[in-house]
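The structure appears right after this line, and notes come after that.
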Amino acid sequence: MTFPVIGVVGGGQLARMMAPPATALGFELRVLAEGEDVSAVAAVATAPIGDYKDLNALLEFSKGLDVLTFDHEHVPTGHLRALLDAGVNVQPGPDALVNAQDKLVMRAAIDRLGLPNPEWSAVHSTEELVAFGDRIGWPVVLKTPRGGYDGKGVRIVDSAQEALETDDWFQATSPLLAEAKVDFSRELSALVARTPSGESRAWPVVHTIQVDGVCDEVIAPAQNIAVEVAAAAEEAALRIANELGVTGVMAAELFETPGVGAGFLINELAMRPHNTGHWTQDGSITSQFEQHLRAVLDLPLGATDALAPVVVMKNFLGGENQDLYTAFPLALAYEPAAKVHSYGKSVRPGRKIGHVNLVGSSVSDVDSVRRRATTVANIIRDGRKPDQSTLEETL
């Protein structure tokens with residue numbers, strides 16, 4: 001019996017970070033890359049260039065694979081069904097993945113499962129958007145059902161007058177998703193994994209901090225969260241994965257609403273390793289990347305216990321420093337316990353180019369761990385050590 005061959009559609013940082021656990025387990029990883037310069041190409045021996053919107057390219061790539069999985073959710077649903085018809089083992093399958101691809105489908109599924117959902121509606125025109133806002137109260141959130149991520153495809157509409165100014169969105173896509181703007185205390189993420197045979201496991205619920213619609217920082221586990229709320233959030237994510245037939249890793253992004261309903265509302269779903277799970281690389285017995293590979297191959301899942309009382313993940317985006325490596329001596333000397341993960345991308349302002357993980361020995365250390373992780377990330381981004389007042393303003 002030979003070791004399995006896993007194909008990943010998409011050559012971004014998620015595919016890149018699947019490579020080390022694949023190598024450790026003896027699996028062969030192949031990537032269908034968007035271009036020669038994408039993140040995963042340097043980490044994976046077999047990385048043909050191909051367009052994920054081209055069915056022939058997908059069919060050619062799938063030859064010789066034991067399983068096909070993804071580092072993004074943008075492959076057309078019809079192509080996924082065609083791959084299944086051709087006998088390709090697609091994990092997660094299109095019936096599950098469509099709930100992460102289409103926010104209208106997801107909202108309907110969450111309602112069907114009776115899980116906490118914000119008020120929402122499919123709206124086909126500015127008039128329907130105005131009617132929705134007048135009914136539930138302004139402001140409302142307008143979203144494109146497909147393709148939006150990291151704050152893209154999201155628009156806050158503060159009034160009926162502003163709603164009348166969204167006609168360009170309806171001309172581009174209809175229907176759109178309208179949601180109540182949730183009054184929440186913080187954002188959370190419940191990360192789980194499930195195998196095709198139905199085994200599932202959850203990691204601790206984490207606190208996520210967003211800046212301009214992009215995940216900036218994760219604190220694991222979420223501090224000062226009610227035990228019953230954390231348990232209910234984990235259970236909700238596991239139920240979604242099981243009821244929708246998800247395979248691999250799934251993140252349920254949540255709004256915490258203390259004292260209201262279940263204490264949280266479901267924001268969005270992602271069916272792949274996720275930015276809010278990067279902390280697991282250095283802070284959990286099994287990382288989300290290893291777990292995803294085990295799950296899509298229907299292998300027994302690994303333990304998801306945290307390795308420390310607190311783990312902080314801090315993203316760094318493109319900034320002033322174009323030559324990241326020149327900052328490594330200062331960054332690594334400043335905090336020898338930090339684990340730096342660089343994505344091998346060219347530097348561009350606002351682009352995710354890496355993250356820092358740092359563990360703490362006590363929950364009381366969380367503020368210190370956050371400051372130290374942020375300092376390391378900022379040194380790499382800017383090429384210099386920030387002054388203390390600037391650092392304090394960022395936390």
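Residue numbers start at 1 in each chain; chains themselves are named A, B, ... in the order of the structure tokens; ligands are numbered from 1 in the order shown.
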Tell me, as a list in words, which residues lie within 10 Å of Phe328 (chain A), counting only C-alpha atoms; anything in the same chain fewer than 4 positions away does not count.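 Those residues are Asp323, Leu324, Leu332, Ala333, Tyr334, Val340, Val376, Ile379, Ile380 and Gly383 of chain A.
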Next, dump the selected residues to file, keeping only all heavy atoms, as a compact mmCIF listing (two decimals), in the first residue's frame.
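Written file, again_35.txt:
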# COMPACT_ATOMS: atom_id res chain seq x y z
N ASP A 323 12.03 44.13 2.62
CA ASP A 323 12.93 42.98 2.76
C ASP A 323 12.74 42.40 4.16
O ASP A 323 13.44 42.77 5.10
CB ASP A 323 14.38 43.41 2.52
CG ASP A 323 15.33 42.23 2.47
OD1 ASP A 323 14.89 41.09 2.72
OD2 ASP A 323 16.52 42.45 2.18
N LEU A 324 11.78 41.51 4.31
CA LEU A 324 11.39 41.03 5.63
C LEU A 324 12.55 40.40 6.39
O LEU A 324 12.67 40.57 7.61
CB LEU A 324 10.25 40.01 5.51
CG LEU A 324 8.96 40.49 4.85
CD1 LEU A 324 7.91 39.39 4.88
CD2 LEU A 324 8.43 41.75 5.53
N LEU A 332 13.62 38.12 16.18
CA LEU A 332 13.83 36.85 16.87
C LEU A 332 14.62 37.03 18.16
O LEU A 332 14.42 36.30 19.13
CB LEU A 332 14.53 35.86 15.94
CG LEU A 332 13.77 35.52 14.65
CD1 LEU A 332 14.55 34.50 13.83
CD2 LEU A 332 12.37 35.01 14.94
N ALA A 333 15.52 38.00 18.18
CA ALA A 333 16.26 38.27 19.41
C ALA A 333 15.35 38.90 20.46
O ALA A 333 15.49 38.64 21.66
CB ALA A 333 17.44 39.20 19.12
N TYR A 334 14.41 39.73 20.03
CA TYR A 334 13.50 40.38 20.98
C TYR A 334 12.67 39.35 21.73
O TYR A 334 12.46 39.48 22.94
CB TYR A 334 12.58 41.35 20.22
CG TYR A 334 11.48 41.90 21.11
CD1 TYR A 334 11.73 42.96 21.98
CD2 TYR A 334 10.21 41.33 21.12
CE1 TYR A 334 10.74 43.44 22.82
CE2 TYR A 334 9.21 41.80 21.95
CZ TYR A 334 9.48 42.85 22.81
OH TYR A 334 8.51 43.31 23.64
N VAL A 340 7.57 32.41 14.15
CA VAL A 340 7.23 33.25 13.01
C VAL A 340 6.91 32.37 11.81
O VAL A 340 7.66 31.45 11.48
CB VAL A 340 8.39 34.20 12.67
CG1 VAL A 340 8.07 35.01 11.40
CG2 VAL A 340 8.68 35.13 13.84
N VAL A 376 6.91 41.64 17.92
CA VAL A 376 7.62 40.84 16.92
C VAL A 376 7.03 41.07 15.53
O VAL A 376 7.76 41.30 14.55
CB VAL A 376 7.57 39.34 17.28
CG1 VAL A 376 8.16 38.49 16.16
CG2 VAL A 376 8.31 39.08 18.58
N ILE A 379 7.97 44.57 14.27
CA ILE A 379 9.38 44.66 13.86
C ILE A 379 9.55 44.14 12.44
O ILE A 379 10.22 44.75 11.60
CB ILE A 379 10.29 43.89 14.84
CG1 ILE A 379 10.36 44.60 16.19
CG2 ILE A 379 11.69 43.74 14.25
CD1 ILE A 379 11.07 43.79 17.27
N ILE A 380 8.93 42.99 12.15
CA ILE A 380 9.05 42.41 10.81
C ILE A 380 8.37 43.31 9.77
O ILE A 380 8.90 43.56 8.69
CB ILE A 380 8.44 40.99 10.79
CG1 ILE A 380 9.24 40.07 11.73
CG2 ILE A 380 8.43 40.44 9.37
CD1 ILE A 380 8.61 38.71 11.92
N GLY A 383 10.49 46.85 10.00
CA GLY A 383 11.94 46.80 9.94
C GLY A 383 12.63 47.48 11.10
O GLY A 383 13.83 47.72 11.05
Region 219-276 of chain A: which residues are alpha helix (DSSP H) by DSSP, as a PyMOL selection string? chain A and resi 227-244
Notebook entry, point to check: Any idea what's packed within 7 Å of region 25-39 of chain A, counting only C-alpha atoms, ignoring anything in its chain fewer than 4 positions away? Could you give it as a list of chain:residue names?
Noted result: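 My list of contacting residues is A:Phe3, A:Pro4, A:Val5, A:Ile6, A:Gly7, A:Val8, A:Val9, A:Gly10, A:Gly11, A:Gly12, A:Gln13, A:Arg16, A:Ala19, A:Pro21, A:Val44, A:Thr46, A:Ala47, A:Pro48, A:Ile49, A:Gly50, A:Asp51, A:Phe61, A:Tyr343, A:Gly344, A:Lys345.
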Exercise. Can you tell me how far CA of His74 (chain A) sits from CA of Gly93 (chain A), in Å to one decimal?
Worked result: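 Straight-line distance from CA of His74 (chain A) to CA of Gly93 (chain A) works out to 13.0 Å.
Among the candidates A:Thr173, A:Thr166, A:Asn242, A:Gln161, the one nearest to Glu199 (chain A) when counting only C-alpha atoms is A:Asn242.
Interatomic distance, CA of Leu177 (chain A) against CA of Leu191 (chain A): 24.3 Å.
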Open item on the list: Can you pull out every residue from region 90-296 of chain A that DSSP, working from the backbone, puts in strand (DSSP E or B), and format the result as JSON, numbers by chain?
Closed with: {"A": [90, 120, 121, 122, 123, 140, 141, 142, 143, 154, 155, 156, 157, 176, 177, 178, 179, 180, 186, 187, 188, 189, 190, 191, 192, 193, 194, 200, 201, 202, 206, 207, 208, 209, 210, 211, 214, 215, 216, 217, 218, 219, 220, 248, 249, 250, 251, 252, 253, 254, 255, 256, 264, 265, 266, 267, 268, 269, 270, 284]}
So that I can see what lies close to Leu317 (chain A), please list as a PDB file with all heavy atoms, in the first residue's frame the residues with an atom at most 8 Å from it, counting only C-alpha atoms and leaving out residues fewer than 2 positions away in the same chain.
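Contents of out39.pdb, as written:
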ATOM      1  N   ASN A 315      -1.262  38.477  13.167  1.00  0.00           N
ATOM      2  CA  ASN A 315      -0.940  38.626  11.749  1.00  0.00           C
ATOM      3  C   ASN A 315      -0.001  39.808  11.534  1.00  0.00           C
ATOM      4  O   ASN A 315      -0.014  40.765  12.299  1.00  0.00           O
ATOM      5  CB  ASN A 315      -2.209  38.883  10.934  1.00  0.00           C
ATOM      6  CG  ASN A 315      -2.954  37.609  10.583  1.00  0.00           C
ATOM      7  OD1 ASN A 315      -2.380  36.533  10.557  1.00  0.00           O
ATOM      8  ND2 ASN A 315      -4.238  37.734  10.319  1.00  0.00           N
ATOM      9  N   GLY A 319       3.895  46.324   4.963  1.00  0.00           N
ATOM     10  CA  GLY A 319       4.098  47.678   5.479  1.00  0.00           C
ATOM     11  C   GLY A 319       5.297  48.336   4.843  1.00  0.00           C
ATOM     12  O   GLY A 319       5.572  48.162   3.651  1.00  0.00           O
ATOM     13  N   ARG A 348       3.093  43.943  -0.028  1.00  0.00           N
ATOM     14  CA  ARG A 348       2.175  44.922  -0.572  1.00  0.00           C
ATOM     15  C   ARG A 348       1.352  45.463   0.581  1.00  0.00           C
ATOM     16  O   ARG A 348       0.914  44.682   1.438  1.00  0.00           O
ATOM     17  CB  ARG A 348       1.268  44.259  -1.614  1.00  0.00           C
ATOM     18  CG  ARG A 348       0.631  45.204  -2.601  1.00  0.00           C
ATOM     19  CD  ARG A 348       0.033  44.472  -3.794  1.00  0.00           C
ATOM     20  NE  ARG A 348      -1.003  43.534  -3.403  1.00  0.00           N
ATOM     21  CZ  ARG A 348      -1.095  42.286  -3.822  1.00  0.00           C
ATOM     22  NH1 ARG A 348      -0.170  41.801  -4.644  1.00  0.00           N
ATOM     23  NH2 ARG A 348      -2.083  41.507  -3.433  1.00  0.00           N
ATOM     24  N   PRO A 349       1.140  46.772   0.670  1.00  0.00           N
ATOM     25  CA  PRO A 349       0.395  47.324   1.805  1.00  0.00           C
ATOM     26  C   PRO A 349      -0.964  46.638   1.993  1.00  0.00           C
ATOM     27  O   PRO A 349      -1.735  46.488   1.039  1.00  0.00           O
ATOM     28  CB  PRO A 349       0.226  48.801   1.432  1.00  0.00           C
ATOM     29  CG  PRO A 349       1.394  49.093   0.553  1.00  0.00           C
ATOM     30  CD  PRO A 349       1.621  47.837  -0.246  1.00  0.00           C
ATOM     31  N   GLY A 350      -1.220  46.197   3.229  1.00  0.00           N
ATOM     32  CA  GLY A 350      -2.484  45.567   3.554  1.00  0.00           C
ATOM     33  C   GLY A 350      -2.577  44.099   3.217  1.00  0.00           C
ATOM     34  O   GLY A 350      -3.581  43.448   3.532  1.00  0.00           O
ATOM     35  N   ARG A 351      -1.561  43.532   2.593  1.00  0.00           N
ATOM     36  CA  ARG A 351      -1.586  42.119   2.205  1.00  0.00           C
ATOM     37  C   ARG A 351      -1.111  41.249   3.363  1.00  0.00           C
ATOM     38  O   ARG A 351      -0.096  41.552   4.001  1.00  0.00           O
ATOM     39  CB  ARG A 351      -0.668  41.903   1.004  1.00  0.00           C
ATOM     40  CG  ARG A 351      -0.716  40.514   0.414  1.00  0.00           C
ATOM     41  CD  ARG A 351       0.335  40.353  -0.677  1.00  0.00           C
ATOM     42  NE  ARG A 351       0.027  39.239  -1.563  1.00  0.00           N
ATOM     43  CZ  ARG A 351       0.836  38.790  -2.512  1.00  0.00           C
ATOM     44  NH1 ARG A 351       2.025  39.379  -2.686  1.00  0.00           N
ATOM     45  NH2 ARG A 351       0.491  37.782  -3.276  1.00  0.00           N
ATOM     46  N   LYS A 352      -1.812  40.139   3.644  1.00  0.00           N
ATOM     47  CA  LYS A 352      -1.355  39.205   4.663  1.00  0.00           C
ATOM     48  C   LYS A 352      -0.075  38.525   4.182  1.00  0.00           C
ATOM     49  O   LYS A 352      -0.062  37.866   3.144  1.00  0.00           O
ATOM     50  CB  LYS A 352      -2.412  38.123   4.916  1.00  0.00           C
ATOM     51  CG  LYS A 352      -3.652  38.583   5.653  1.00  0.00           C
ATOM     52  CD  LYS A 352      -4.593  37.394   5.864  1.00  0.00           C
ATOM     53  CE  LYS A 352      -5.905  37.823   6.476  1.00  0.00           C
ATOM     54  NZ  LYS A 352      -6.866  36.693   6.585  1.00  0.00           N
ATOM     55  N   ILE A 353       0.989  38.691   4.963  1.00  0.00           N
ATOM     56  CA  ILE A 353       2.261  38.106   4.542  1.00  0.00           C
ATOM     57  C   ILE A 353       2.856  37.180   5.593  1.00  0.00           C
ATOM     58  O   ILE A 353       3.887  36.543   5.362  1.00  0.00           O
ATOM     59  CB  ILE A 353       3.281  39.192   4.155  1.00  0.00           C
ATOM     60  CG1 ILE A 353       3.452  40.226   5.272  1.00  0.00           C
ATOM     61  CG2 ILE A 353       2.878  39.868   2.859  1.00  0.00           C
ATOM     62  CD1 ILE A 353       4.537  41.250   4.987  1.00  0.00           C
ATOM     63  N   GLY A 354       2.218  37.081   6.766  1.00  0.00           N
ATOM     64  CA  GLY A 354       2.727  36.164   7.778  1.00  0.00           C
ATOM     65  C   GLY A 354       2.021  36.349   9.099  1.00  0.00           C
ATOM     66  O   GLY A 354       1.136  37.204   9.245  1.00  0.00           O
ATOM     67  N   ARG A 381       7.203  43.825  10.126  1.00  0.00           N
ATOM     68  CA  ARG A 381       6.460  44.670   9.178  1.00  0.00           C
ATOM     69  C   ARG A 381       7.205  45.966   8.867  1.00  0.00           C
ATOM     70  O   ARG A 381       7.292  46.387   7.712  1.00  0.00           O
ATOM     71  CB  ARG A 381       5.089  44.991   9.763  1.00  0.00           C
ATOM     72  CG  ARG A 381       4.196  45.854   8.850  1.00  0.00           C
ATOM     73  CD  ARG A 381       3.019  46.425   9.636  1.00  0.00           C
ATOM     74  NE  ARG A 381       3.473  47.374  10.665  1.00  0.00           N
ATOM     75  CZ  ARG A 381       2.731  47.748  11.703  1.00  0.00           C
ATOM     76  NH1 ARG A 381       1.524  47.251  11.875  1.00  0.00           N
ATOM     77  NH2 ARG A 381       3.222  48.617  12.588  1.00  0.00           N
TER      78      ARG A 381
END
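Using only C-alpha atoms, the shortest contact distance between Arg155 (chain A) and any of A:Pro175, A:Gly259, A:Gly318, A:Gly213 is found at A:Gly213.
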Extract, using only C-alpha atoms, all DNA, RNA and protein residues at most 8 Å from Gln91 (chain A), discarding same-chain residues fewer than 3 positions from it, and format them as an mmCIF file with all heavy atoms, in the first residue's frame.
data_model
loop_
_atom_site.group_PDB
_atom_site.id
_atom_site.type_symbol
_atom_site.label_atom_id
_atom_site.label_comp_id
_atom_site.auth_asym_id
_atom_site.auth_seq_id
_atom_site.Cartn_x
_atom_site.Cartn_y
_atom_site.Cartn_z
ATOM 1 N N VAL A 67 -7.440 12.167 -2.945
ATOM 2 C CA VAL A 67 -8.477 13.101 -2.501
ATOM 3 C C VAL A 67 -8.133 14.487 -3.022
ATOM 4 O O VAL A 67 -6.954 14.844 -3.148
ATOM 5 C CB VAL A 67 -8.622 13.108 -0.960
ATOM 6 C CG1 VAL A 67 -7.348 13.612 -0.282
ATOM 7 C CG2 VAL A 67 -9.830 13.928 -0.507
ATOM 8 N N LEU A 68 -9.178 15.255 -3.329
ATOM 9 C CA LEU A 68 -9.023 16.643 -3.773
ATOM 10 C C LEU A 68 -9.657 17.548 -2.720
ATOM 11 O O LEU A 68 -10.812 17.354 -2.329
ATOM 12 C CB LEU A 68 -9.727 16.855 -5.112
ATOM 13 C CG LEU A 68 -9.672 18.274 -5.704
ATOM 14 C CD1 LEU A 68 -8.276 18.565 -6.245
ATOM 15 C CD2 LEU A 68 -10.713 18.434 -6.812
ATOM 16 N N THR A 69 -8.901 18.540 -2.256
ATOM 17 C CA THR A 69 -9.427 19.492 -1.282
ATOM 18 C C THR A 69 -9.022 20.907 -1.703
ATOM 19 O O THR A 69 -8.551 21.114 -2.823
ATOM 20 C CB THR A 69 -8.975 19.124 0.147
ATOM 21 O OG1 THR A 69 -9.682 19.933 1.106
ATOM 22 C CG2 THR A 69 -7.480 19.296 0.340
ATOM 23 N N THR A 247 -16.617 17.991 5.547
ATOM 24 C CA THR A 247 -15.411 17.214 5.812
ATOM 25 C C THR A 247 -14.211 18.145 5.795
ATOM 26 O O THR A 247 -14.185 19.135 5.071
ATOM 27 C CB THR A 247 -15.204 16.097 4.771
ATOM 28 O OG1 THR A 247 -15.288 16.647 3.460
ATOM 29 C CG2 THR A 247 -16.268 15.011 4.930
ATOM 30 N N GLY A 248 -13.216 17.817 6.630
ATOM 31 C CA GLY A 248 -12.083 18.704 6.805
ATOM 32 C C GLY A 248 -12.355 19.697 7.912
ATOM 33 O O GLY A 248 -13.246 19.502 8.752
ATOM 34 N N VAL A 296 -9.787 14.783 5.596
ATOM 35 C CA VAL A 296 -10.221 14.523 4.223
ATOM 36 C C VAL A 296 -9.821 13.126 3.760
ATOM 37 O O VAL A 296 -10.427 12.571 2.834
ATOM 38 C CB VAL A 296 -9.694 15.595 3.243
ATOM 39 C CG1 VAL A 296 -10.229 16.969 3.630
ATOM 40 C CG2 VAL A 296 -8.181 15.599 3.143
#
| message | If we count only C-alpha atoms and set the cut-off at 6 Å, which residues sit around region 281-293 of chain A, ignoring sequence neighbours fewer than 4 positions away in its own chain? Please answer as a list in words. | response | Met18, Pro21, Gly248, Val249, Gly302, Ala303, Thr304, Asp305, Ala306, Leu307 and Val311 of chain A
Given the selection you just returned, output its residues as a file containing C-alpha atoms, formatted as a CSV table (one decimal), in the first residue's frame.
chain,number,residue,atom,x,y,z
A,18,MET,CA,-0.4,22.0,4.8
A,21,PRO,CA,2.3,18.1,8.2
A,248,GLY,CA,-12.1,18.7,6.8
A,249,VAL,CA,-11.7,21.8,8.9
A,302,GLY,CA,-5.9,14.1,16.4
A,303,ALA,CA,-6.4,15.6,19.9
A,304,THR,CA,-7.3,19.3,19.9
A,305,ASP,CA,-6.2,20.2,23.4
A,306,ALA,CA,-4.4,23.5,23.8
A,307,LEU,CA,-0.7,23.2,24.9
A,311,VAL,CA,-1.9,31.3,22.9
Closest of A:Pro92, A:Gly64, A:Pro20, A:Pro139 to Met271 (chain A), counting only C-alpha atoms, is A:Pro92
#### Entry: Close residues, Ala86 (chain A) itself excluded, 9 Å, only C-alpha atoms, min 4 positions apart in chain, as JSON, numbers by chain
{"A": [59, 81, 82]}
I need the chosen residues saved as an mmCIF file, in the first residue's frame, with C-alpha atoms.
data_model
loop_
_atom_site.group_PDB
_atom_site.id
_atom_site.type_symbol
_atom_site.label_atom_id
_atom_site.label_comp_id
_atom_site.auth_asym_id
_atom_site.auth_seq_id
_atom_site.Cartn_x
_atom_site.Cartn_y
_atom_site.Cartn_z
ATOM 1 C CA LEU A 59 -9.942 17.249 -14.224
ATOM 2 C CA ARG A 81 -20.320 18.169 -9.215
ATOM 3 C CA ALA A 82 -18.632 17.363 -12.522
#
Exercise. Go through A:Asn117, A:Ser197, A:Thr126, A:Gln223 one by one, measure the shortest atom-to-atom distance of each to Ala180 (chain A) using only C-alpha atoms, and give the residue with the smallest value.
Key: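 Looking only at the distances to Ala180 (chain A), the closest residue turns out to be A:Asn117.
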- For the atom pair CA of His274 (chain A) and CA of Ala251 (chain A), what is the interatomic distance in Å to one decimal place?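 Answer for the CA of His274 (chain A) to CA of Ala251 (chain A) separation: 6.5 Å.
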